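For reference, the structure discussed in these notes is given below.
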Amino acid sequence: MASPHSFRFPGESDSYRRARNELLQAEIDLRRRVEEVAALRRQLPLGGELPEDYVFDEGSADLNDQQTVRKVSLSQLFQPGKDTLAIYSFMFGPKMKAACPNCSSIIDALNATADHAAQRISLAVVAKSPLERIRSFARERGWNRLRLLSSAGNNYNHDYYGENEQGGQMPSLNLFVRRKGKIHHFCHSELLLAPPEPGQNQRHVDMIWPLWNLLDFTPEGRGTDWYPSLSYATPSLH
């Protein structure tokens, strides 16, 4: 297969280059398809209008934050000049012993990119646990750039699939938009709700999760039996 470029790496064989060119063409096709899907998403008509202006408990992970708990409505989460709001629902219900390690890995990344995202959109994370429990966990993780919300006092999780009918917690990304003074749902990471193909898992928020995207570049891949943990043993230096 002809190469789309003329670059070569030290010591590569002709068989390597042929195989890499085949992969490169697949990557080009995937890039094109990713943009096609993103374009379809951008072309969605307005979703349903917000059924109620949900009120959350909010508080940062900062120990110096004197106002421990404040009430904030969903409409108030839109920052000035921003008409798009992303809310990630993470699995940390009041009956759970600890937050979901997968969700924690995702939010570790969201915290790091929050300042960048804030240039374009508004962003928050929400869980069903009481706010102080969320804040305590956020301090352990170093989540210092995110708006932390508790939905313990409203129906947001139920209405937007942050939990199932039995109260089990679900990891969901929801986008909302503000148009002509009204707030509409834009989209949800609905791959979570669709039956997964064999070996695929749901992969519904992989696009915002750097861990799996990085591992997909490796010869080991993401694997089928490894998942993130909340902490890891410190490797020996000897």
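Ordering of the structure tokens sets the chain letters (A, B, ...), residue numbers begin anew at 1 in every chain, and ligands are numbered from 1 in the order given.
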
Could you list, with a cut-off of 10 Å and counting only C-alpha atoms, the residues of region 158-200 of chain A near region 116-131 of chain A, each shown with its nearest atom pair and the distance in Å rounded to one decimal, rows sorted by chain and ascending number, as a Markdown table?
| residue | atom | partner | partner_atom | distance |
| --- | --- | --- | --- | --- |
| A:Gly162 | CA | A:Ala127 | CA | 8.2 |
| A:Glu163 | CA | A:Lys128 | CA | 8.9 |
| A:Gly167 | CA | A:Lys128 | CA | 9.8 |
| A:Gln169 | CA | A:Lys128 | CA | 8.1 |
| A:Met170 | CA | A:Ala127 | CA | 9.8 |
| A:Pro171 | CA | A:Ala127 | CA | 9.5 |
| A:Ser172 | CA | A:Val126 | CA | 9.9 |
| A:Leu173 | CA | A:Val125 | CA | 9.2 |
| A:Leu175 | CA | A:Leu123 | CA | 9.3 |
| A:Phe176 | CA | A:Ser122 | CA | 9.7 |
| A:Val177 | CA | A:Ile121 | CA | 9.9 |

Mind listing the strand (DSSP E) residues of region 11-207 of chain A, per DSSP on the backbone, as a compact mmCIF listing (two decimals) with all heavy atoms, in the first residue's frame?
# COMPACT_ATOMS: atom_id res chain seq x y z
N VAL A 55 -32.37 22.43 41.75
CA VAL A 55 -31.54 23.12 42.73
C VAL A 55 -30.59 22.12 43.38
O VAL A 55 -31.01 21.09 43.91
CB VAL A 55 -32.40 23.81 43.81
CG1 VAL A 55 -31.51 24.44 44.88
CG2 VAL A 55 -33.30 24.87 43.17
N PHE A 56 -29.30 22.41 43.32
CA PHE A 56 -28.25 21.55 43.85
C PHE A 56 -27.62 22.21 45.07
O PHE A 56 -27.68 23.43 45.24
CB PHE A 56 -27.15 21.33 42.81
CG PHE A 56 -27.62 20.75 41.51
CD1 PHE A 56 -28.02 21.57 40.46
CD2 PHE A 56 -27.65 19.37 41.32
CE1 PHE A 56 -28.44 21.04 39.25
CE2 PHE A 56 -28.07 18.82 40.11
CZ PHE A 56 -28.47 19.66 39.08
N ASP A 57 -26.96 21.39 45.89
CA ASP A 57 -26.03 21.90 46.89
C ASP A 57 -24.66 21.97 46.21
O ASP A 57 -24.24 21.04 45.53
CB ASP A 57 -25.95 20.97 48.10
CG ASP A 57 -27.20 21.00 48.95
OD1 ASP A 57 -27.90 22.03 48.93
OD2 ASP A 57 -27.48 20.00 49.63
N GLU A 58 -23.97 23.10 46.40
CA GLU A 58 -22.66 23.28 45.77
C GLU A 58 -21.65 23.73 46.80
O GLU A 58 -21.96 24.49 47.73
CB GLU A 58 -22.72 24.33 44.65
CG GLU A 58 -21.37 24.54 43.97
CD GLU A 58 -21.38 25.63 42.92
OE1 GLU A 58 -22.29 26.48 42.94
OE2 GLU A 58 -20.47 25.63 42.07
N ARG A 70 -23.88 26.07 49.44
CA ARG A 70 -24.74 27.09 48.85
C ARG A 70 -25.68 26.42 47.87
O ARG A 70 -25.34 25.40 47.26
CB ARG A 70 -23.93 28.18 48.16
CG ARG A 70 -22.84 27.67 47.23
CD ARG A 70 -21.95 28.82 46.75
NE ARG A 70 -20.76 28.34 46.08
CZ ARG A 70 -19.62 28.06 46.69
NH1 ARG A 70 -19.51 28.22 48.00
NH2 ARG A 70 -18.57 27.62 46.02
N LYS A 71 -26.84 26.96 47.72
CA LYS A 71 -27.82 26.45 46.78
C LYS A 71 -27.60 27.10 45.42
O LYS A 71 -27.38 28.30 45.32
CB LYS A 71 -29.25 26.76 47.27
CG LYS A 71 -29.59 26.18 48.64
CD LYS A 71 -29.69 24.66 48.59
CE LYS A 71 -30.13 24.10 49.94
NZ LYS A 71 -30.23 22.61 49.93
N VAL A 72 -27.64 26.27 44.39
CA VAL A 72 -27.47 26.80 43.04
C VAL A 72 -28.40 26.04 42.11
O VAL A 72 -28.53 24.82 42.20
CB VAL A 72 -26.00 26.66 42.57
CG1 VAL A 72 -25.54 25.21 42.55
CG2 VAL A 72 -25.79 27.29 41.20
N SER A 73 -29.08 26.76 41.26
CA SER A 73 -29.98 26.14 40.30
C SER A 73 -29.21 25.79 39.04
O SER A 73 -28.14 26.36 38.76
CB SER A 73 -31.15 27.06 39.96
OG SER A 73 -30.68 28.24 39.33
N THR A 84 -23.60 26.84 26.62
CA THR A 84 -23.54 25.39 26.67
C THR A 84 -23.03 24.97 28.05
O THR A 84 -22.07 25.54 28.56
CB THR A 84 -22.59 24.83 25.60
OG1 THR A 84 -23.11 25.15 24.31
CG2 THR A 84 -22.48 23.31 25.70
N LEU A 85 -23.70 23.99 28.62
CA LEU A 85 -23.36 23.47 29.94
C LEU A 85 -23.19 21.96 29.86
O LEU A 85 -24.08 21.26 29.37
CB LEU A 85 -24.46 23.83 30.94
CG LEU A 85 -24.45 23.11 32.30
CD1 LEU A 85 -23.22 23.52 33.12
CD2 LEU A 85 -25.74 23.42 33.07
N ALA A 86 -22.05 21.47 30.33
CA ALA A 86 -21.80 20.03 30.41
C ALA A 86 -21.81 19.62 31.88
O ALA A 86 -21.15 20.25 32.72
CB ALA A 86 -20.45 19.68 29.79
N ILE A 87 -22.57 18.57 32.19
CA ILE A 87 -22.63 18.04 33.55
C ILE A 87 -22.31 16.55 33.50
O ILE A 87 -22.99 15.79 32.80
CB ILE A 87 -24.01 18.25 34.20
CG1 ILE A 87 -24.39 19.73 34.22
CG2 ILE A 87 -24.01 17.68 35.62
CD1 ILE A 87 -25.76 20.00 34.87
N TYR A 88 -21.28 16.16 34.23
CA TYR A 88 -20.94 14.73 34.31
C TYR A 88 -21.47 14.19 35.64
O TYR A 88 -21.11 14.67 36.71
CB TYR A 88 -19.43 14.51 34.23
CG TYR A 88 -19.09 13.03 34.31
CD1 TYR A 88 -19.36 12.18 33.25
CD2 TYR A 88 -18.55 12.48 35.47
CE1 TYR A 88 -19.08 10.83 33.33
CE2 TYR A 88 -18.27 11.13 35.55
CZ TYR A 88 -18.55 10.31 34.48
OH TYR A 88 -18.29 8.96 34.56
N SER A 89 -22.33 13.17 35.55
CA SER A 89 -22.86 12.50 36.73
C SER A 89 -21.94 11.32 37.06
O SER A 89 -21.79 10.41 36.25
CB SER A 89 -24.28 11.97 36.47
OG SER A 89 -25.19 13.02 36.25
N SER A 122 -19.55 25.89 30.04
CA SER A 122 -19.64 25.75 31.49
C SER A 122 -19.59 24.26 31.81
O SER A 122 -20.09 23.43 31.04
CB SER A 122 -20.94 26.36 32.01
OG SER A 122 -21.02 27.73 31.68
N LEU A 123 -19.00 23.91 32.95
CA LEU A 123 -18.76 22.51 33.28
C LEU A 123 -18.99 22.29 34.77
O LEU A 123 -18.60 23.11 35.60
CB LEU A 123 -17.32 22.14 32.91
CG LEU A 123 -16.82 20.75 33.31
CD1 LEU A 123 -17.57 19.65 32.56
CD2 LEU A 123 -15.31 20.64 33.05
N ALA A 124 -19.62 21.16 35.11
CA ALA A 124 -19.82 20.78 36.50
C ALA A 124 -19.87 19.26 36.61
O ALA A 124 -20.10 18.57 35.61
CB ALA A 124 -21.10 21.39 37.06
N VAL A 125 -19.64 18.76 37.81
CA VAL A 125 -19.81 17.33 38.09
C VAL A 125 -20.78 17.19 39.24
O VAL A 125 -20.82 18.03 40.15
CB VAL A 125 -18.46 16.63 38.40
CG1 VAL A 125 -17.53 16.70 37.21
CG2 VAL A 125 -17.81 17.21 39.65
N VAL A 126 -21.57 16.11 39.21
CA VAL A 126 -22.63 15.94 40.21
C VAL A 126 -22.67 14.50 40.67
O VAL A 126 -22.39 13.57 39.90
CB VAL A 126 -24.00 16.37 39.63
CG1 VAL A 126 -24.39 15.52 38.43
CG2 VAL A 126 -25.09 16.33 40.68
N ALA A 127 -23.01 14.31 41.94
CA ALA A 127 -23.21 12.97 42.49
C ALA A 127 -24.36 13.03 43.49
O ALA A 127 -24.76 14.12 43.95
CB ALA A 127 -21.95 12.44 43.15
N ARG A 147 -16.72 22.63 39.50
CA ARG A 147 -17.91 22.90 40.30
C ARG A 147 -18.46 21.56 40.77
O ARG A 147 -18.79 20.69 39.97
CB ARG A 147 -18.95 23.66 39.49
CG ARG A 147 -18.46 25.01 39.00
CD ARG A 147 -19.57 25.86 38.42
NE ARG A 147 -20.43 26.40 39.48
CZ ARG A 147 -21.29 27.41 39.30
NH1 ARG A 147 -21.40 27.96 38.11
NH2 ARG A 147 -22.02 27.85 40.28
N LEU A 148 -18.54 21.39 42.09
CA LEU A 148 -18.98 20.14 42.69
C LEU A 148 -20.41 20.28 43.18
O LEU A 148 -20.72 21.18 43.98
CB LEU A 148 -18.07 19.79 43.88
CG LEU A 148 -16.57 19.73 43.59
CD1 LEU A 148 -15.80 19.56 44.90
CD2 LEU A 148 -16.25 18.59 42.64
N LEU A 149 -21.28 19.41 42.70
CA LEU A 149 -22.70 19.50 43.00
C LEU A 149 -23.20 18.22 43.64
O LEU A 149 -22.78 17.12 43.28
CB LEU A 149 -23.51 19.74 41.73
CG LEU A 149 -23.09 20.87 40.81
CD1 LEU A 149 -23.94 20.86 39.54
CD2 LEU A 149 -23.20 22.21 41.51
N SER A 150 -24.14 18.37 44.57
CA SER A 150 -24.86 17.23 45.12
C SER A 150 -26.30 17.30 44.65
O SER A 150 -26.97 18.33 44.75
CB SER A 150 -24.85 17.25 46.65
OG SER A 150 -25.76 16.30 47.17
N SER A 172 -23.03 9.31 33.60
CA SER A 172 -23.67 9.94 32.43
C SER A 172 -23.11 11.33 32.18
O SER A 172 -22.86 12.10 33.12
CB SER A 172 -25.19 10.06 32.65
OG SER A 172 -25.81 8.80 32.59
N LEU A 173 -22.93 11.64 30.92
CA LEU A 173 -22.58 13.00 30.50
C LEU A 173 -23.79 13.61 29.81
O LEU A 173 -24.32 13.05 28.85
CB LEU A 173 -21.40 12.97 29.53
CG LEU A 173 -20.97 14.33 28.96
CD1 LEU A 173 -20.39 15.22 30.06
CD2 LEU A 173 -19.97 14.16 27.82
N ASN A 174 -24.25 14.75 30.32
CA ASN A 174 -25.36 15.47 29.71
C ASN A 174 -24.91 16.86 29.30
O ASN A 174 -24.14 17.52 30.01
CB ASN A 174 -26.53 15.60 30.70
CG ASN A 174 -27.36 14.33 30.78
OD1 ASN A 174 -28.13 14.03 29.88
ND2 ASN A 174 -27.19 13.58 31.87
N LEU A 175 -25.39 17.29 28.14
CA LEU A 175 -25.15 18.65 27.66
C LEU A 175 -26.48 19.39 27.59
O LEU A 175 -27.48 18.84 27.12
CB LEU A 175 -24.52 18.62 26.26
CG LEU A 175 -23.01 18.38 26.12
CD1 LEU A 175 -22.22 19.54 26.71
CD2 LEU A 175 -22.58 17.06 26.70
N PHE A 176 -26.46 20.63 28.05
CA PHE A 176 -27.63 21.50 28.00
C PHE A 176 -27.26 22.79 27.26
O PHE A 176 -26.10 23.21 27.29
CB PHE A 176 -28.12 21.84 29.40
CG PHE A 176 -28.55 20.65 30.21
CD1 PHE A 176 -27.63 19.97 30.99
CD2 PHE A 176 -29.86 20.20 30.18
CE1 PHE A 176 -28.01 18.86 31.74
CE2 PHE A 176 -30.26 19.09 30.91
CZ PHE A 176 -29.33 18.41 31.69
N VAL A 177 -28.24 23.38 26.60
CA VAL A 177 -28.01 24.63 25.89
C VAL A 177 -29.07 25.64 26.30
O VAL A 177 -30.20 25.28 26.66
CB VAL A 177 -28.03 24.45 24.36
CG1 VAL A 177 -26.85 23.59 23.91
CG2 VAL A 177 -29.35 23.85 23.88
N ARG A 178 -28.70 26.91 26.23
CA ARG A 178 -29.62 28.00 26.54
C ARG A 178 -29.96 28.72 25.25
O ARG A 178 -29.07 29.20 24.54
CB ARG A 178 -28.96 28.94 27.54
CG ARG A 178 -29.84 30.05 28.05
CD ARG A 178 -29.19 30.76 29.23
NE ARG A 178 -27.81 31.18 28.93
CZ ARG A 178 -26.99 31.67 29.85
NH1 ARG A 178 -27.38 31.77 31.10
NH2 ARG A 178 -25.77 32.06 29.51
N ARG A 179 -31.24 28.76 24.93
CA ARG A 179 -31.70 29.39 23.70
C ARG A 179 -32.94 30.24 24.01
O ARG A 179 -33.92 29.76 24.56
CB ARG A 179 -32.10 28.33 22.65
CG ARG A 179 -30.94 27.43 22.21
CD ARG A 179 -29.96 28.17 21.32
NE ARG A 179 -28.96 27.27 20.76
CZ ARG A 179 -27.79 27.00 21.35
NH1 ARG A 179 -27.49 27.56 22.52
NH2 ARG A 179 -26.93 26.18 20.78
N LYS A 182 -34.53 30.06 27.39
CA LYS A 182 -34.97 28.76 27.87
C LYS A 182 -33.81 27.77 27.80
O LYS A 182 -32.90 27.91 26.98
CB LYS A 182 -36.14 28.24 27.05
CG LYS A 182 -37.40 29.10 27.17
CD LYS A 182 -38.55 28.51 26.35
CE LYS A 182 -39.81 29.35 26.50
NZ LYS A 182 -40.94 28.79 25.72
N ILE A 183 -33.86 26.77 28.66
CA ILE A 183 -32.81 25.76 28.71
C ILE A 183 -33.35 24.45 28.15
O ILE A 183 -34.42 23.98 28.56
CB ILE A 183 -32.30 25.55 30.15
CG1 ILE A 183 -31.68 26.85 30.67
CG2 ILE A 183 -31.29 24.41 30.22
CD1 ILE A 183 -31.33 26.82 32.13
N HIS A 184 -32.61 23.90 27.21
CA HIS A 184 -33.00 22.64 26.57
C HIS A 184 -31.90 21.59 26.76
O HIS A 184 -30.71 21.93 26.82
CB HIS A 184 -33.22 22.84 25.07
CG HIS A 184 -34.39 23.69 24.73
ND1 HIS A 184 -35.61 23.18 24.35
CD2 HIS A 184 -34.52 25.06 24.71
CE1 HIS A 184 -36.46 24.17 24.11
NE2 HIS A 184 -35.82 25.32 24.30
N HIS A 185 -32.31 20.35 26.83
CA HIS A 185 -31.35 19.26 26.79
C HIS A 185 -30.79 19.19 25.38
O HIS A 185 -31.52 19.30 24.40
CB HIS A 185 -32.05 17.95 27.15
CG HIS A 185 -31.13 16.80 27.34
ND1 HIS A 185 -31.23 15.62 26.64
CD2 HIS A 185 -30.06 16.64 28.17
CE1 HIS A 185 -30.28 14.79 27.03
NE2 HIS A 185 -29.56 15.37 27.94
N PHE A 186 -29.47 19.03 25.27
CA PHE A 186 -28.85 18.90 23.95
C PHE A 186 -28.57 17.44 23.63
O PHE A 186 -29.00 16.92 22.60
CB PHE A 186 -27.55 19.72 23.89
CG PHE A 186 -26.82 19.57 22.59
CD1 PHE A 186 -27.35 20.08 21.42
CD2 PHE A 186 -25.60 18.92 22.53
CE1 PHE A 186 -26.68 19.93 20.20
CE2 PHE A 186 -24.92 18.77 21.34
CZ PHE A 186 -25.46 19.27 20.17
N CYS A 187 -27.85 16.75 24.51
CA CYS A 187 -27.63 15.33 24.28
C CYS A 187 -27.11 14.66 25.54
O CYS A 187 -26.65 15.32 26.48
CB CYS A 187 -26.70 15.07 23.10
SG CYS A 187 -24.99 15.52 23.38
N HIS A 188 -27.19 13.35 25.54
CA HIS A 188 -26.70 12.49 26.61
C HIS A 188 -25.77 11.47 25.98
O HIS A 188 -25.89 11.15 24.80
CB HIS A 188 -27.90 11.80 27.28
CG HIS A 188 -27.54 10.75 28.30
ND1 HIS A 188 -27.26 9.44 27.96
CD2 HIS A 188 -27.45 10.82 29.65
CE1 HIS A 188 -26.99 8.75 29.07
NE2 HIS A 188 -27.10 9.56 30.09

Residues flagged alpha helix (DSSP H) by DSSP in region 59-219 of chain A, as a PyMOL selection string: chain A and resi 101-117+131-141+156-159+210-215

Distance query Ser60 (chain A) at most 9 Å, only C-alpha atoms, self and fewer than 6 positions along chain excluded, as a VMD selection string: chain A and resid 68 to 69 135 138 to 139 143 to 149

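Proximity ranking of A:Tyr54, A:Phe137, A:Phe9, A:Tyr227 relative to His158 (chain A) places A:Tyr54 first, based on only C-alpha atoms.
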
Residue neighbourhood Ala98 (chain A), 12 Å, only C-alpha atoms, exclusion window fewer than 2 positions, as a ChimeraX atom specification: /A:90-96,100-104,127,129,133-134,136-138,229-231

With C-alpha atoms retained, could you export that selection as a PDB file, in the first residue's frame?
ATOM      1  CA  PHE A  90     -20.455  10.254  38.615  1.00  0.00           C
ATOM      2  CA  MET A  91     -21.235   7.134  40.580  1.00  0.00           C
ATOM      3  CA  PHE A  92     -21.036   8.116  44.236  1.00  0.00           C
ATOM      4  CA  GLY A  93     -24.355   7.427  45.877  1.00  0.00           C
ATOM      5  CA  PRO A  94     -24.981   7.718  49.621  1.00  0.00           C
ATOM      6  CA  LYS A  95     -25.015   3.929  50.013  1.00  0.00           C
ATOM      7  CA  MET A  96     -21.749   3.393  48.145  1.00  0.00           C
ATOM      8  CA  CYS A 100     -16.517   4.639  41.342  1.00  0.00           C
ATOM      9  CA  PRO A 101     -12.819   4.301  40.337  1.00  0.00           C
ATOM     10  CA  ASN A 102     -13.669   4.663  36.630  1.00  0.00           C
ATOM     11  CA  CYS A 103     -15.618   7.874  37.240  1.00  0.00           C
ATOM     12  CA  SER A 104     -12.794   9.144  39.453  1.00  0.00           C
ATOM     13  CA  ALA A 127     -23.214  12.971  42.488  1.00  0.00           C
ATOM     14  CA  SER A 129     -24.074  11.753  47.960  1.00  0.00           C
ATOM     15  CA  ARG A 133     -18.981  13.670  51.411  1.00  0.00           C
ATOM     16  CA  ILE A 134     -18.328  14.791  47.827  1.00  0.00           C
ATOM     17  CA  SER A 136     -14.099  15.371  51.251  1.00  0.00           C
ATOM     18  CA  PHE A 137     -13.458  12.936  48.407  1.00  0.00           C
ATOM     19  CA  ALA A 138     -12.659  15.798  46.020  1.00  0.00           C
ATOM     20  CA  SER A 229      -8.261   1.947  40.996  1.00  0.00           C
ATOM     21  CA  LEU A 230      -8.682   4.763  43.469  1.00  0.00           C
ATOM     22  CA  SER A 231      -5.080   4.243  44.590  1.00  0.00           C
TER      23      SER A 231
END

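Picture a line from CA of Phe7 (chain A) to CA of Ile28 (chain A); it runs 16.2 Å.
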